[in-house]
Structure formats: C-alpha cells, structure tokens
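Quick notes on the structure that follows.
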Amino acid sequence: MSAPSRIALFIDGANLYATARTLGFDIDYKRLLKAFEGRGVLVRAYYYTAVIEDQEYSSIRPLVDWLDYNGYTVVTKATKEFVDAGGRRKVKGNMDIELAVQAMELAGQLDQMILFSGDGDFRSLVEAVQRRGVHVTVVSTMASRPPMISDELRRQSDVFTDLAELQSTIGRDPSERGAVRQSGASTSSGAGPSDD
C-alpha cells in the first residue's frame, strides 16, 4: 500500500471569490478544507489576499480572521493606492509573487498542488512545480462567458476541475446567507471582496 498523497491548497482569494460570485454561490471554507483533507494528507492550505490597512472596517477582515483560526495559513499584504493617468484613484493588491514563492518552497514536500485560480500568470509556476514531480490540479471555471480560466493555465495543469462541479461539495448553504451576505463573510465561512 502506498503512502497517502501529500497535498497543499493555494487559494488566490480574489480570483476564487470572483469565480464563485460569477457562478452565483458563496464558498464554505470549512467544507472546502474538509473536502480536500479527505484526498490525502493536507500539508497546508494557503489563502492569499490583499487588505486595505487604513480602513476602519474592511469586509475581508472577518473572513481572514476566521480562516486564520480554522486551519488556513493566511497570507496578506497591504494594498497600494495610486492615481492613474486619468486622475482616477486606484487600489492595487496582487499576491501572485507570494503564492509562487511559497509554492516553489513547498514543492519538494508535495505530491499534489491544488491551485484555486484562473490567472494565466500562474502557467509558468505550474510548469516549474510539475518539473519537480508535483501533480497540479487547477480549479476555476469554463462555465462563465468569458471563462474565468486562461486557456494556457488550463492546458498546463494535469487536471482541470470546474468550480461549478464543486458547488454542491464546497458551496455555502443558501439558508446561511441572510445578514452575513452584506459583509461578505461569516463566522463559519464566506467570501471576500476582490483585491485585484
């Protein structure tokens, strides 16, 4: 009998939130963790998101705090604010580099990497991790128009799983929405605002 597969989840928070919202459901992060714990030894579940530091209240904060206390390794960084050429205020908070560095650092200890993102910028990361012998599953969606997954990332992955297929497994029960929906997070699960 072979040893159980060593798995790590890498969740691009803004991308997963946007994908689930496009499909019309909220992620139950407790159920998501449980679903992947059943597939092998879950080495780590990373959740990446940018946060606005100078706001008195951030709608992502309750989710980040809940994830941090419930089995996830949360990686955050402060957003950067700038004014574009047209004079419009913009907020930028991209976590791609942090995700890529940690995936490469952990690759030698993994059999499987599950990447929750459709961002084509991760294609070369997936290729590099595969060269180290790691099997990569990418979770996003083709069900939206346009698709939320880049074609090159989908082709590079060993397995592509459409998030729509996981809705019954990791979706939040609609009866839990109520007032929680307004803040974008709850004490047992939730989804945060886009940070890209």
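As shown in the structure tokens, the chain order sets the letters A, B, ...; within each chain, residues go from 1, and ligands are also counted from 1 in the order they appear.
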
Just the residues within 10 Å of A:Leu163, please, counting only C-alpha atoms, with nothing from its chain fewer than 4 positions along; format it as a JSON list (two decimals) with C-alpha atoms, in the first residue's frame.
[["chain", "number", "residue", "atom", "x", "y", "z"],
["A", 16, "LEU", "CA", -11.73, 32.42, -6.22],
["A", 19, "THR", "CA", -15.22, 32.97, -9.85],
["A", 20, "ALA", "CA", -17.70, 31.77, -7.22],
["A", 23, "LEU", "CA", -21.23, 31.16, -10.74],
["A", 116, "PHE", "CA", -7.63, 27.87, -6.95],
["A", 138, "VAL", "CA", -6.27, 23.90, -11.23],
["A", 139, "VAL", "CA", -9.74, 24.93, -10.01],
["A", 140, "SER", "CA", -11.58, 27.71, -11.85],
["A", 141, "THR", "CA", -14.44, 27.76, -14.37],
["A", 142, "MET", "CA", -15.20, 27.43, -18.04],
["A", 143, "ALA", "CA", -18.93, 27.84, -17.32],
["A", 167, "GLN", "CA", -20.63, 23.76, -5.80],
["A", 168, "SER", "CA", -22.58, 21.00, -4.03],
["A", 169, "THR", "CA", -19.44, 19.99, -2.09],
["A", 170, "ILE", "CA", -17.98, 23.37, -1.08],
["A", 171, "GLY", "CA", -20.82, 25.85, -1.60]]

Q: Determine which residues of chain A DSSP labels as strand (DSSP E) from the backbone of this structure, then write them out as a VMD selection string.
A: chain A and resid 6 to 12 41 to 51 73 to 78 80 to 83 89 to 92 112 to 116 135 to 140 159 to 162

Q) With only C-alpha atoms as the basis for distance, which of A:Arg61, A:Arg21, A:Arg6, A:Lys77 is at the shortest distance from A:Glu37? A) A:Arg6

(Q) Just to confirm, what's the straight-line distance from atom CA of A:Arg88 to atom CA of A:Val51 in Å (one decimal)? (A)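 Distance between the two atoms: 19.8 Å.
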